[in-house]
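Dumped query_27.cif below, it's mmCIF, C-alpha atoms:
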```
data_coords
loop_
_atom_site.label_atom_id
_atom_site.label_comp_id
_atom_site.auth_asym_id
_atom_site.auth_seq_id
_atom_site.Cartn_x
_atom_site.Cartn_y
_atom_site.Cartn_z
CA MET A 736 0.00 0.00 0.00
CA THR A 737 1.05 3.58 -0.60
CA THR A 738 2.43 5.56 2.34
CA LEU A 739 -0.06 8.04 3.77
CA LEU A 740 1.59 11.38 4.42
CA SER A 741 1.06 13.13 7.73
CA THR A 742 -1.36 16.06 7.35
CA PRO A 743 -2.40 18.90 9.70
CA ALA A 744 -4.80 17.82 12.44
CA ASP A 745 -7.40 20.37 11.34
CA TRP A 746 -7.65 18.94 7.82
CA PRO A 747 -10.87 16.90 7.45
CA ALA A 748 -10.88 13.20 6.64
CA ILE A 749 -13.78 12.65 4.24
CA LEU A 750 -12.43 10.01 1.86
CA LEU A 751 -9.89 8.16 3.99
CA PRO A 752 -10.43 7.65 7.72
CA ARG A 753 -7.49 8.89 9.80
CA ARG A 754 -7.32 5.50 11.47
CA GLY A 755 -8.06 2.72 9.05
CA ALA A 756 -9.84 -0.40 10.28
CA ALA A 757 -7.82 -3.58 10.65
CA ASP A 758 -10.14 -5.07 8.05
CA PRO A 759 -11.76 -2.47 5.75
CA THR A 760 -14.40 -5.05 4.75
CA ASP A 761 -15.62 -5.48 8.35
CA LEU A 762 -19.22 -4.24 8.05
CA ASP A 763 -19.86 -4.02 11.79
CA ALA A 764 -16.82 -1.79 12.26
CA ALA A 765 -17.85 0.32 9.28
CA VAL A 766 -21.38 0.76 10.62
CA ARG A 767 -20.00 1.84 14.01
CA ASN A 768 -18.12 4.45 11.97
CA HIS A 769 -21.46 5.64 10.47
CA ALA A 770 -21.34 3.70 7.21
CA PHE A 771 -24.75 3.64 5.48
CA ASP A 772 -26.12 6.43 7.68
CA GLY A 773 -26.16 8.60 4.56
CA LEU A 774 -28.01 6.02 2.48
CA ARG A 775 -30.54 5.52 5.27
CA ARG A 776 -31.14 9.28 5.49
CA SER A 777 -31.53 9.66 1.71
CA VAL A 778 -33.98 6.77 1.43
CA ARG A 779 -36.05 7.35 4.57
CA GLU A 780 -35.93 11.13 5.05
CA LEU A 781 -34.79 13.13 2.04
CA GLY A 782 -36.09 11.35 -1.02
CA THR A 783 -34.65 11.69 -4.50
CA THR A 784 -35.22 15.40 -5.14
CA ALA A 785 -33.83 16.58 -1.80
CA THR A 786 -30.83 14.26 -2.12
CA ILE A 787 -29.89 15.81 -5.46
CA ALA A 788 -30.50 19.28 -3.99
CA ALA A 789 -28.08 18.48 -1.16
CA ILE A 790 -25.34 17.51 -3.62
CA ALA A 791 -25.97 20.76 -5.52
CA ALA A 792 -25.84 22.87 -2.35
CA ALA A 793 -22.59 21.19 -1.33
CA GLY A 794 -20.95 22.27 -4.59
CA LEU A 795 -19.50 18.80 -5.20
CA ARG A 796 -17.53 18.65 -8.44
CA GLY A 797 -16.36 15.53 -10.23
CA ARG A 798 -12.97 14.27 -9.08
CA GLY A 799 -12.21 12.62 -12.41
CA GLY A 800 -10.30 15.69 -13.57
CA ALA A 801 -12.79 17.93 -15.34
CA GLY A 802 -14.47 19.21 -12.19
CA TYR A 803 -17.99 19.15 -13.65
CA PRO A 804 -20.76 19.87 -11.09
CA ALA A 805 -21.98 16.48 -9.85
CA ALA A 806 -25.58 17.56 -9.26
CA ASP A 807 -25.96 18.67 -12.88
CA LYS A 808 -25.11 15.13 -13.98
CA TRP A 809 -27.54 13.64 -11.46
CA ARG A 810 -30.40 15.84 -12.63
CA ALA A 811 -29.73 15.11 -16.30
CA CYS A 812 -29.69 11.37 -15.67
CA ALA A 813 -32.81 11.44 -13.47
CA GLU A 814 -34.80 13.58 -15.90
CA THR A 815 -34.08 11.51 -19.02
CA PRO A 816 -37.07 9.22 -19.64
CA ALA A 817 -35.94 5.59 -19.76
CA PRO A 818 -37.00 2.17 -18.48
CA ARG A 819 -33.52 1.48 -17.15
CA ARG A 820 -30.58 3.48 -15.73
CA PHE A 821 -27.04 2.73 -14.59
CA VAL A 822 -24.47 4.20 -12.23
CA VAL A 823 -20.83 3.50 -13.14
CA ALA A 824 -18.11 4.16 -10.58
CA ASN A 825 -14.84 4.76 -12.42
CA GLY A 826 -12.03 3.26 -10.36
CA TYR A 827 -9.81 2.42 -13.31
CA ALA A 828 -6.96 4.67 -12.08
CA ALA A 829 -5.48 5.31 -15.52
CA ASP A 830 -2.53 7.45 -14.42
CA PRO A 831 0.47 5.22 -13.61
CA ALA A 832 1.83 7.93 -11.28
CA SER A 833 -1.21 8.09 -8.99
CA ASN A 834 -2.52 5.52 -6.52
CA GLY A 835 -5.35 7.60 -5.04
CA ASP A 836 -8.31 5.68 -6.49
CA ARG A 837 -6.80 2.28 -5.74
CA GLU A 838 -6.00 3.24 -2.16
CA LEU A 839 -9.53 4.51 -1.65
CA LEU A 840 -11.01 1.25 -2.91
CA GLU A 841 -8.71 -0.79 -0.68
CA ARG A 842 -8.91 1.34 2.47
CA ASN A 843 -12.53 2.51 2.41
CA PRO A 844 -14.64 0.34 0.08
CA TYR A 845 -17.88 1.02 1.94
CA ALA A 846 -17.66 4.77 1.21
CA VAL A 847 -17.63 4.05 -2.53
CA ILE A 848 -20.40 1.45 -2.27
CA GLU A 849 -22.62 3.72 -0.17
CA GLY A 850 -21.96 6.76 -2.36
CA ALA A 851 -22.85 4.78 -5.47
CA ALA A 852 -26.01 3.47 -3.77
CA ILE A 853 -27.12 7.00 -2.84
CA ALA A 854 -26.49 8.20 -6.40
CA ALA A 855 -28.42 5.24 -7.81
CA PHE A 856 -31.35 5.94 -5.47
CA ALA A 857 -31.36 9.62 -6.45
CA VAL A 858 -31.37 9.07 -10.22
CA GLY A 859 -33.58 5.97 -10.22
CA ALA A 860 -30.94 3.41 -11.20
CA ARG A 861 -31.17 -0.21 -10.11
CA GLU A 862 -27.72 -1.29 -11.29
CA VAL A 863 -24.28 -0.07 -10.23
CA ILE A 864 -21.03 -1.16 -11.82
CA ILE A 865 -17.71 -0.41 -10.13
CA ALA A 866 -15.00 -0.54 -12.79
CA VAL A 867 -11.56 -1.48 -11.46
CA ARG A 868 -8.21 -2.01 -13.15
CA ALA A 869 -7.77 -5.78 -13.60
CA GLU A 870 -4.35 -5.90 -11.96
CA HIS A 871 -5.64 -4.19 -8.78
CA THR A 872 -6.63 -7.58 -7.38
CA GLU A 873 -6.70 -6.54 -3.73
CA ALA A 874 -9.09 -3.69 -4.46
CA VAL A 875 -11.35 -6.11 -6.34
CA ARG A 876 -11.25 -8.65 -3.50
CA ARG A 877 -12.15 -6.08 -0.84
CA LEU A 878 -14.91 -4.51 -2.90
CA GLU A 879 -16.52 -7.88 -3.60
CA ALA A 880 -16.31 -8.86 0.09
CA ALA A 881 -17.81 -5.53 1.16
CA ILE A 882 -20.63 -5.79 -1.39
CA ALA A 883 -21.48 -9.32 -0.22
CA ALA A 884 -21.60 -8.18 3.41
CA ALA A 885 -23.77 -5.17 2.57
CA GLU A 886 -26.19 -7.35 0.59
CA GLU A 887 -26.48 -9.84 3.43
CA ALA A 888 -27.34 -6.99 5.80
CA ALA A 889 -29.93 -5.64 3.29
CA TYR A 890 -28.23 -2.28 2.88
CA ILE A 891 -28.20 -3.04 -0.84
CA GLY A 892 -29.62 -5.79 -3.01
CA THR A 893 -33.25 -6.85 -2.89
CA ASN A 894 -35.53 -4.39 -1.06
CA LEU A 895 -32.66 -2.26 0.25
CA LEU A 896 -33.41 -0.76 3.63
CA ALA A 897 -36.99 -2.04 3.28
CA SER A 898 -37.67 0.66 0.70
CA GLY A 899 -39.21 -1.56 -1.93
CA ARG A 900 -36.29 -0.79 -4.26
CA ASP A 901 -33.72 -3.23 -5.52
CA LEU A 902 -30.11 -2.33 -6.21
CA ALA A 903 -27.52 -4.66 -7.69
CA ILE A 904 -23.88 -3.60 -7.30
CA SER A 905 -21.14 -5.50 -9.12
CA VAL A 906 -17.43 -5.16 -9.75
CA ARG A 907 -16.14 -5.30 -13.31
CA THR A 908 -12.44 -5.56 -14.08
CA VAL A 909 -11.19 -3.72 -17.15
CA GLN A 910 -7.78 -3.36 -18.69
CA GLY A 911 -6.34 -1.40 -21.54
CA ALA A 912 -4.80 1.95 -22.29
CA TYR A 913 -4.63 5.24 -20.42
CA LEU A 914 -7.71 6.45 -22.27
CA LEU A 915 -10.00 4.20 -20.25
CA GLY A 916 -10.21 7.05 -17.78
CA GLU A 917 -12.48 8.88 -20.27
CA GLU A 918 -16.11 8.07 -19.52
CA THR A 919 -17.39 7.19 -22.98
CA ILE A 920 -14.38 4.94 -23.59
CA LEU A 921 -14.90 3.23 -20.23
CA LEU A 922 -18.52 2.53 -21.12
CA LYS A 923 -17.43 0.95 -24.42
CA ALA A 924 -14.94 -1.23 -22.53
CA LEU A 925 -17.75 -2.41 -20.25
CA GLU A 926 -19.66 -3.38 -23.40
CA ASN A 927 -16.61 -5.19 -24.83
CA ARG A 928 -16.38 -2.68 -27.67
CA ARG A 929 -13.38 -0.86 -29.12
CA GLY A 930 -12.16 1.87 -26.78
CA GLN A 931 -12.68 5.13 -28.64
CA PRO A 932 -14.48 8.27 -27.48
CA GLU A 933 -17.92 9.29 -28.66
CA GLN A 934 -19.05 12.68 -29.90
CA ARG A 935 -21.04 14.53 -27.25
CA PRO A 936 -23.91 15.35 -27.02
CA PRO A 937 -25.65 13.08 -26.32
CA HIS A 938 -23.88 12.68 -23.00
CA PRO A 939 -23.85 9.39 -21.10
CA THR A 940 -26.49 10.80 -18.75
CA GLU A 941 -28.82 10.72 -21.77
CA ARG A 942 -27.49 7.69 -23.67
CA GLY A 943 -24.77 5.67 -22.02
CA LEU A 944 -24.28 2.01 -21.15
CA GLU A 945 -26.35 -0.20 -23.46
CA GLY A 946 -28.04 2.96 -24.72
CA TYR A 947 -29.60 3.85 -21.36
CA PRO A 948 -29.00 6.94 -19.18
CA THR A 949 -25.81 6.37 -17.21
CA LEU A 950 -24.28 8.37 -14.39
CA VAL A 951 -20.48 8.02 -14.54
CA HIS A 952 -18.40 9.30 -11.62
CA ASN A 953 -14.89 8.84 -10.36
CA VAL A 954 -14.85 6.77 -7.16
CA GLN A 955 -13.59 9.75 -5.14
CA THR A 956 -16.64 11.76 -6.17
CA LEU A 957 -18.98 9.03 -4.97
CA ALA A 958 -17.05 8.44 -1.74
CA ALA A 959 -17.69 12.06 -0.71
CA VAL A 960 -21.48 11.70 -1.09
CA PRO A 961 -22.26 9.88 2.21
CA TRP A 962 -20.33 12.51 4.19
CA ILE A 963 -22.35 15.27 2.55
CA ILE A 964 -25.69 13.61 3.31
CA VAL A 965 -24.77 12.88 6.95
CA ASN A 966 -23.00 16.14 7.81
CA GLY A 967 -24.97 18.47 5.56
CA PRO A 968 -24.06 20.31 2.36
CA GLU A 969 -23.19 23.50 4.24
CA ALA A 970 -20.45 21.71 6.20
CA PHE A 971 -18.98 20.32 2.98
CA ALA A 972 -19.14 23.71 1.24
CA ARG A 973 -17.05 25.24 4.04
CA ILE A 974 -14.17 22.84 3.32
CA GLY A 975 -11.64 23.79 0.68
CA SER A 976 -12.26 26.73 -1.63
CA LYS A 977 -15.56 28.36 -2.49
CA ALA A 978 -15.33 27.30 -6.13
CA SER A 979 -14.02 23.81 -5.34
CA PRO A 980 -15.33 22.54 -1.98
CA GLY A 981 -14.22 19.34 -0.30
CA THR A 982 -11.08 17.25 -0.40
CA MET A 983 -9.18 15.15 -2.92
CA LEU A 984 -6.51 12.46 -2.71
CA VAL A 985 -3.20 13.83 -3.97
CA GLN A 986 -0.25 11.63 -4.89
CA LEU A 987 3.06 13.38 -4.27
CA ARG A 988 6.21 12.11 -5.96
CA GLY A 989 9.66 13.57 -6.16
CA LEU A 990 12.31 15.14 -3.98
CA ALA A 991 11.33 13.74 -0.57
CA GLY A 992 9.84 10.44 -1.70
CA ASP A 993 6.34 9.27 -2.54
CA GLY A 994 3.16 9.51 -0.54
CA LEU A 995 -0.59 10.07 -0.62
CA ALA A 996 -2.55 12.72 1.26
CA GLU A 997 -6.16 13.82 1.52
CA VAL A 998 -5.96 17.53 0.76
CA PRO A 999 -8.61 20.25 1.00
CA LEU A 1000 -9.06 21.73 -2.46
CA GLY A 1001 -7.71 25.26 -2.59
CA THR A 1002 -4.60 24.37 -0.58
CA PRO A 1003 -1.52 26.11 -2.08
CA LEU A 1004 0.84 23.84 -3.98
CA ARG A 1005 3.61 24.94 -1.63
CA GLN A 1006 1.82 23.45 1.37
CA ILE A 1007 1.11 20.18 -0.43
CA VAL A 1008 4.75 19.81 -1.50
CA ALA A 1009 5.82 20.45 2.10
CA LEU A 1010 3.88 17.36 3.22
CA GLY A 1011 6.64 15.28 1.71
CA GLY A 1012 9.20 16.78 4.07
CA ALA A 1013 12.56 18.25 3.17
CA ALA A 1014 15.28 15.72 2.49
CA ALA A 1015 18.72 16.47 3.87
CA GLY A 1016 20.72 18.43 1.32
CA ALA A 1017 17.71 18.76 -0.94
CA ARG A 1018 18.35 20.65 -4.15
CA PRO A 1019 16.30 23.67 -5.25
CA LEU A 1020 12.83 22.91 -6.59
CA LYS A 1021 12.62 23.76 -10.27
CA ALA A 1022 9.26 22.56 -11.56
CA LEU A 1023 6.05 20.72 -10.71
CA LEU A 1024 4.21 18.39 -13.05
CA VAL A 1025 0.58 18.81 -11.98
CA GLY A 1026 -2.19 16.62 -13.37
CA GLY A 1027 -0.52 13.43 -14.58
CA PRO A 1028 1.15 12.59 -17.92
CA SER A 1029 -0.92 15.21 -19.74
CA GLY A 1030 -0.50 17.77 -16.97
CA GLY A 1031 1.12 21.16 -16.98
CA ILE A 1032 4.71 21.85 -15.97
CA LEU A 1033 4.68 24.79 -13.57
CA PRO A 1034 7.71 26.73 -12.30
CA ALA A 1035 8.66 27.15 -8.65
CA GLU A 1036 7.38 30.73 -8.86
CA LEU A 1037 3.82 29.36 -8.98
CA LEU A 1038 4.02 27.37 -5.74
CA ASP A 1039 1.38 29.61 -4.19
CA THR A 1040 -1.19 28.57 -6.81
CA PRO A 1041 -4.24 27.01 -5.11
CA TYR A 1042 -4.71 23.33 -5.86
CA GLU A 1043 -8.22 23.52 -7.30
CA PHE A 1044 -9.87 23.16 -10.69
CA ASP A 1045 -10.12 26.73 -11.93
CA ALA A 1046 -6.83 28.13 -10.58
CA LEU A 1047 -4.80 25.25 -12.02
CA ARG A 1048 -6.58 25.50 -15.36
CA ALA A 1049 -5.74 29.22 -15.51
CA ALA A 1050 -2.09 28.39 -14.81
CA GLY A 1051 -1.97 25.84 -17.64
CA ALA A 1052 -2.26 22.66 -15.57
CA HIS A 1053 -5.23 20.69 -14.23
CA VAL A 1054 -6.23 18.55 -11.28
CA GLY A 1055 -6.32 15.46 -13.48
CA SER A 1056 -5.58 12.27 -11.60
CA GLY A 1057 -4.42 14.07 -8.48
CA SER A 1058 -0.70 13.55 -9.00
CA ILE A 1059 2.06 16.09 -8.38
CA VAL A 1060 5.61 15.26 -9.45
CA VAL A 1061 8.36 17.47 -8.04
CA ALA A 1062 11.53 18.08 -10.08
CA ASP A 1063 14.71 19.76 -8.84
CA ASP A 1064 17.27 21.86 -10.72
CA ARG A 1065 18.88 18.79 -12.30
CA ALA A 1066 15.80 18.16 -14.45
CA CYS A 1067 15.52 19.28 -18.04
CA VAL A 1068 12.01 20.64 -18.61
CA VAL A 1069 12.32 20.18 -22.37
CA ASP A 1070 13.24 16.52 -22.01
CA LEU A 1071 10.44 15.98 -19.47
CA ALA A 1072 7.90 17.63 -21.78
CA ARG A 1073 9.19 15.59 -24.71
CA LEU A 1074 8.86 12.33 -22.77
CA LEU A 1075 5.32 13.11 -21.60
CA THR A 1076 4.16 14.21 -25.05
CA SER A 1077 5.57 11.10 -26.70
CA TRP A 1078 3.88 8.88 -24.11
CA CYS A 1079 0.52 10.63 -24.55
CA ALA A 1080 0.79 10.43 -28.33
CA ALA A 1081 1.43 6.69 -28.08
CA GLN A 1082 -1.66 6.31 -25.88
CA ALA A 1083 -3.94 8.19 -28.31
CA CYS A 1084 -6.65 6.01 -29.86
CA GLY A 1085 -6.35 7.52 -33.34
CA LYS A 1086 -10.06 7.96 -34.02
CA THR A 1087 -9.69 11.52 -35.35
CA ILE A 1088 -7.02 13.22 -37.43
CA PRO A 1089 -5.93 15.54 -34.57
CA CYS A 1090 -5.52 12.47 -32.39
CA ARG A 1091 -3.92 10.22 -34.99
CA ILE A 1092 -1.57 12.73 -36.61
CA GLY A 1093 -1.50 15.93 -34.60
CA THR A 1094 -0.28 14.43 -31.33
CA ARG A 1095 2.51 12.60 -33.16
CA ARG A 1096 3.63 15.75 -34.94
CA LEU A 1097 3.66 17.46 -31.54
CA ALA A 1098 5.83 14.68 -30.13
CA GLU A 1099 8.20 15.02 -33.10
CA ILE A 1100 8.79 18.69 -32.28
CA GLY A 1101 9.86 17.65 -28.78
CA GLU A 1102 12.11 14.92 -30.16
CA ARG A 1103 13.86 17.43 -32.42
CA MET A 1104 14.44 19.78 -29.50
CA VAL A 1105 16.31 17.22 -27.41
CA ALA A 1106 18.21 15.86 -30.41
CA GLY A 1107 19.57 19.25 -31.47
CA THR A 1108 17.80 19.12 -34.84
CA SER A 1109 15.13 21.78 -34.26
CA ARG A 1110 13.89 23.83 -37.17
CA PRO A 1111 13.70 27.65 -37.12
CA ARG A 1112 9.89 27.69 -37.08
CA ASP A 1113 9.42 24.97 -34.45
CA THR A 1114 8.25 27.36 -31.72
CA THR A 1115 5.63 28.85 -34.05
CA LEU A 1116 4.64 25.38 -35.25
CA LEU A 1117 4.34 24.20 -31.65
CA ALA A 1118 2.00 27.07 -30.74
CA ASP A 1119 -0.12 26.73 -33.88
CA LEU A 1120 -0.41 22.96 -33.69
CA SER A 1121 -1.34 23.09 -30.01
CA ALA A 1122 -4.08 25.61 -30.74
CA ASP A 1123 -5.43 23.45 -33.56
CA LEU A 1124 -5.48 20.35 -31.35
CA VAL A 1125 -7.34 22.12 -28.57
CA ALA A 1126 -9.89 23.58 -30.98
CA SER A 1127 -10.66 20.43 -32.96
CA ALA A 1128 -10.12 17.54 -30.55
CA LEU A 1129 -12.87 15.02 -29.86
CA CYS A 1130 -11.85 14.27 -26.27
CA ASP A 1131 -9.78 15.79 -23.47
CA HIS A 1132 -6.83 13.48 -24.09
CA GLU A 1133 -6.03 15.26 -27.35
CA ARG A 1134 -6.51 18.70 -25.80
CA LEU A 1135 -4.45 17.97 -22.72
CA THR A 1136 -1.60 16.30 -24.62
CA THR A 1137 -0.57 19.83 -25.62
CA LEU A 1138 0.03 20.94 -22.03
CA PRO A 1139 3.55 19.63 -21.25
CA LEU A 1140 5.17 21.37 -24.23
CA SER A 1141 2.92 24.44 -24.19
CA THR A 1142 3.53 25.10 -20.48
CA GLY A 1143 7.22 24.46 -21.06
CA MET A 1144 7.17 27.16 -23.72
CA ARG A 1145 5.11 29.45 -21.49
CA TYR A 1146 7.21 29.22 -18.32
CA PHE A 1147 10.61 27.94 -19.44
CA GLN A 1148 11.11 29.91 -22.65
CA ALA A 1149 14.83 30.41 -22.09
CA GLU A 1150 15.42 26.69 -21.68
CA LEU A 1151 13.50 25.94 -24.88
CA GLU A 1152 15.49 28.58 -26.76
CA ASP A 1153 18.75 27.03 -25.53
CA HIS A 1154 17.68 23.75 -27.11
CA ILE A 1155 16.20 25.20 -30.29
CA LEU A 1156 18.50 28.12 -31.10
CA ARG A 1157 21.79 27.10 -29.50
CA SER A 1158 21.49 23.28 -29.41
CA THR A 1159 22.46 23.25 -25.75
CA CYS A 1160 20.88 21.62 -22.71
CA PRO A 1161 21.61 23.72 -19.59
CA ALA A 1162 20.79 20.77 -17.34
CA GLY A 1163 23.19 18.49 -19.22
CA VAL A 1164 20.50 15.86 -19.74
CA CYS A 1165 19.64 15.70 -23.44
CA GLN A 1166 21.58 13.50 -25.83
CA PRO A 1167 23.35 14.03 -28.14
CA ILE A 1168 23.44 17.71 -27.17
CA ALA A 1169 23.94 17.21 -23.41
CA LEU A 1170 26.32 19.86 -22.10
CA ALA A 1171 27.10 21.14 -18.67
CA ALA A 1172 25.44 24.43 -17.77
CA GLY A 1173 27.35 27.37 -19.23
CA THR A 1174 29.25 25.30 -21.78
CA VAL A 1175 29.28 26.67 -25.32
CA HIS A 1176 28.44 24.21 -28.09
#
```
With the file now loaded, output its structure as structure tokens.
Amino acid sequence: MTTLLSTPADWPAILLPRRGAADPTDLDAAVRNHAFDGLRRSVRELGTTATIAAIAAAGLRGRGGAGYPAADKWRACAETPAPRRFVVANGYAADPASNGDRELLERNPYAVIEGAAIAAFAVGAREVIIAVRAEHTEAVRRLEAAIAAAEEAAYIGTNLLASGRDLAISVRTVQGAYLLGEETILLKALENRRGQPEQRPPHPTERGLEGYPTLVHNVQTLAAVPWIIVNGPEAFARIGSKASPGTMLVQLRGLAGDGLAEVPLGTPLRQIVALGGAAAGARPLKALLVGGPSGGILPAELLDTPYEFDALRAAGAHVGSGSIVVADDRACVVDLARLLTSWCAAQACGKTIPCRIGTRRLAEIGERMVAGTSRPRDTTLLADLSADLVASALCDHERLTTLPLSTGMRYFQAELEDHILRSTCPAGVCQPIALAAGTVH
């Protein structure tokens, strides 16, 4: 399991309990810790309309990366006429650098199960699918054990909580490329179809799994729902920032080692990085990769940027998978951006021309930079191609693939110019042009 970083005592624990149970699948222990209190309140007191209103008042936004208001999805799914509806909990954890979703499923499976059950009750769904990466076998085992225990206790299953409603929750393992994190691709994988995104609208809330309205949420989004119902939307709205309430699991990697922390949204990047501690003789921080492989590379000067959806987007990064990678002064930003862009281009599904060709051309610009074979117009080409990809892309993967190189150009212009105009690498990393800082080619 991933190391949990020590956090300030006044930070709330919504997704991960501060003291995990010896056995996270122990239903009696979970119930003593108020598991299923939220579901009971939704079913017996609030009803569907008031439950959705509570999620709206809380300001809960999707933790899958885009930050879309959760209640808007719930309303759209509930209001679409259909004889059948689904809730899909996305626990695929596509980013290889982040363990947040997997740790949540392993450490607190009942929060995800209860959150999905509340969402299903609110939108009128009778089937929930929790999608998990096939190799995360321990997460699958614990989820299946927790579901079986909850069914036996009649919290879910036939006539849940004596409400006259049935709710079937199952775990489905999926495997494939990075793009499975995108909701329409995940739905195709669950149908054993080729993993390529769909044009929207219609959105999955209107036509999703098997053609029926489907509510798709990241598991962290759903795990926050029981806390909101039990403690009230006003309490949740007071946590984090006004525009992005609540907490999120953040995976920190870099200078002082790896670790996971539950962080109130709106916390400055500087404070999150400090959770990792300062290693003895640590070198100066140079850059942060925020948002995963298709994230933005931000300079140390932006350490006071709040970690929340809108502020990061304005800076050229995004919340993404919840990963932050810290790089010191020995890193070459150009080489890092080149590596990330090439990886993202290789992961692209190729359904559209921007995806199939544009991302590869973008990667080629990065390859030329580190090889010392840049062309005079490469900076202009990089800017123009990035703009075209963002404007014409079918899914976020194509749009976000532009971020590593575009933020490198935005914040590390001098380093890019060294590579392009002088064929030098100040960090001494790139081959065959690797040179010590200050050396003339």
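If all atoms listed in the file are the atoms counted, then among A:Ala1083, A:Ala1162, A:Leu1037, A:Ala1098 the closest residue to Tyr1146 in chain A is A:Leu1037.
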Mind listing whatever residues come within 7 Å of the point (-8.6, 0.3, -12.3)? Use all atoms listed in the file, file coordinates, and give them as a compact mmCIF listing (two decimals) with C-alpha atoms, in the coordinates of the input.
```
# COMPACT_ATOMS: atom_id res chain seq x y z
CA GLY A 826 -12.03 3.26 -10.36
CA TYR A 827 -9.81 2.42 -13.31
CA ALA A 828 -6.96 4.67 -12.08
CA ALA A 829 -5.48 5.31 -15.52
CA ALA A 866 -15.00 -0.54 -12.79
CA VAL A 867 -11.56 -1.48 -11.46
CA ARG A 868 -8.21 -2.01 -13.15
CA ALA A 869 -7.77 -5.78 -13.60
CA HIS A 871 -5.64 -4.19 -8.78
CA VAL A 909 -11.19 -3.72 -17.15
```
Residues at most 8 Å from range 886-902 of chain A, counting all atoms listed in the file, excluding those fewer than 3 positions away in the same chain, as a tab-separated table (two decimals) with C-alpha atoms, keeping the file's coordinate frame?
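So the final result, stored in around.tsv, reads:
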```tsv
chain	number	residue	atom	x	y	z
A	771	PHE	CA	-24.75	3.64	5.48
A	775	ARG	CA	-30.54	5.52	5.27
A	778	VAL	CA	-33.98	6.77	1.43
A	779	ARG	CA	-36.05	7.35	4.57
A	852	ALA	CA	-26.01	3.47	-3.77
A	855	ALA	CA	-28.42	5.24	-7.81
A	860	ALA	CA	-30.94	3.41	-11.20
A	861	ARG	CA	-31.17	-0.21	-10.11
A	862	GLU	CA	-27.72	-1.29	-11.29
A	863	VAL	CA	-24.28	-0.07	-10.23
A	882	ILE	CA	-20.63	-5.79	-1.39
A	883	ALA	CA	-21.48	-9.32	-0.22
```
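Residues with any atom within 10 Å of Ala1046 in chain A, counting only C-alpha atoms and excluding same-chain neighbours fewer than 5 positions away, are A:Ala978, A:Ser979, A:Gly1001, A:Thr1040, A:Pro1041, A:Gly1051, A:Ala1052, A:His1053, A:Val1054.
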Every residue with an atom at most 9 Å from (-28.5, 12.4, 1.7) (file coordinates; only C-alpha atoms) is what I'm after, so could you write them as a list in words? Asp772, Gly773, Leu774, Arg775, Arg776, Ser777, Val778, Glu780, Leu781, Gly782, Thr783, Ala785, Thr786, Ile787, Ala789, Ile790, Ile853, Val960, Pro961, Trp962, Ile963, Ile964, Val965 and Gly967 of chain A
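What separates CA of Leu1097 in chain A from CA of Cys1130 in chain A is a distance of 16.7 Å.
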Care to translate the PyMOL selection byres ((chain A and resi 758) around 12) into actual residues of this file, as a PyMOL selection string? chain A and resi 754-757+759-765+841-845+877-878+880-881
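Comparing the minimum interatomic distances between Thr1087 in chain A and each of A:Met1144, A:Gln931, A:Ile1155, A:Pro968, counting all atoms listed in the file, we find that A:Gln931 sits nearest.
The space separating CA of Pro939 in chain A from CA of Gly1085 in chain A comes to 21.4 Å.
What separates CA of Glu814 in chain A from CA of Gly859 in chain A is a distance of 9.6 Å.
Closest to Arg1112 in chain A among A:Ile1092, A:Leu1156, A:Ala811, A:Leu1135 is A:Leu1156, based on all atoms listed in the file.
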Selection near Gly1030 in chain A, 12 Å with only C-alpha atoms, sequence-local residues under 5 positions removed, as a ChimeraX atom specification: /A:800,830,832,1023-1025,1047-1048,1050-1060,1071-1072,1075-1076,1079,1131-1132,1134-1143
Keeping only C-alpha atoms, write the selected residues as a tab-separated table (two decimals), in the frame of the given file.
```
chain	number	residue	atom	x	y	z
A	800	GLY	CA	-10.30	15.69	-13.57
A	830	ASP	CA	-2.53	7.45	-14.42
A	832	ALA	CA	1.83	7.93	-11.28
A	1023	LEU	CA	6.05	20.72	-10.71
A	1024	LEU	CA	4.21	18.39	-13.05
A	1025	VAL	CA	0.58	18.81	-11.98
A	1047	LEU	CA	-4.80	25.25	-12.02
A	1048	ARG	CA	-6.58	25.50	-15.36
A	1050	ALA	CA	-2.09	28.39	-14.81
A	1051	GLY	CA	-1.97	25.84	-17.64
A	1052	ALA	CA	-2.26	22.66	-15.57
A	1053	HIS	CA	-5.23	20.69	-14.23
A	1054	VAL	CA	-6.23	18.55	-11.28
A	1055	GLY	CA	-6.32	15.46	-13.48
A	1056	SER	CA	-5.58	12.27	-11.60
A	1057	GLY	CA	-4.42	14.07	-8.48
A	1058	SER	CA	-0.70	13.55	-9.00
A	1059	ILE	CA	2.06	16.09	-8.38
A	1060	VAL	CA	5.61	15.26	-9.45
A	1071	LEU	CA	10.44	15.98	-19.47
A	1072	ALA	CA	7.90	17.63	-21.78
A	1075	LEU	CA	5.32	13.11	-21.60
A	1076	THR	CA	4.16	14.21	-25.05
A	1079	CYS	CA	0.52	10.63	-24.55
A	1131	ASP	CA	-9.78	15.79	-23.47
A	1132	HIS	CA	-6.83	13.48	-24.09
A	1134	ARG	CA	-6.51	18.70	-25.80
A	1135	LEU	CA	-4.45	17.97	-22.72
A	1136	THR	CA	-1.60	16.30	-24.62
A	1137	THR	CA	-0.57	19.83	-25.62
A	1138	LEU	CA	0.03	20.94	-22.03
A	1139	PRO	CA	3.55	19.63	-21.25
A	1140	LEU	CA	5.17	21.37	-24.23
A	1141	SER	CA	2.92	24.44	-24.19
A	1142	THR	CA	3.53	25.10	-20.48
A	1143	GLY	CA	7.22	24.46	-21.06
```
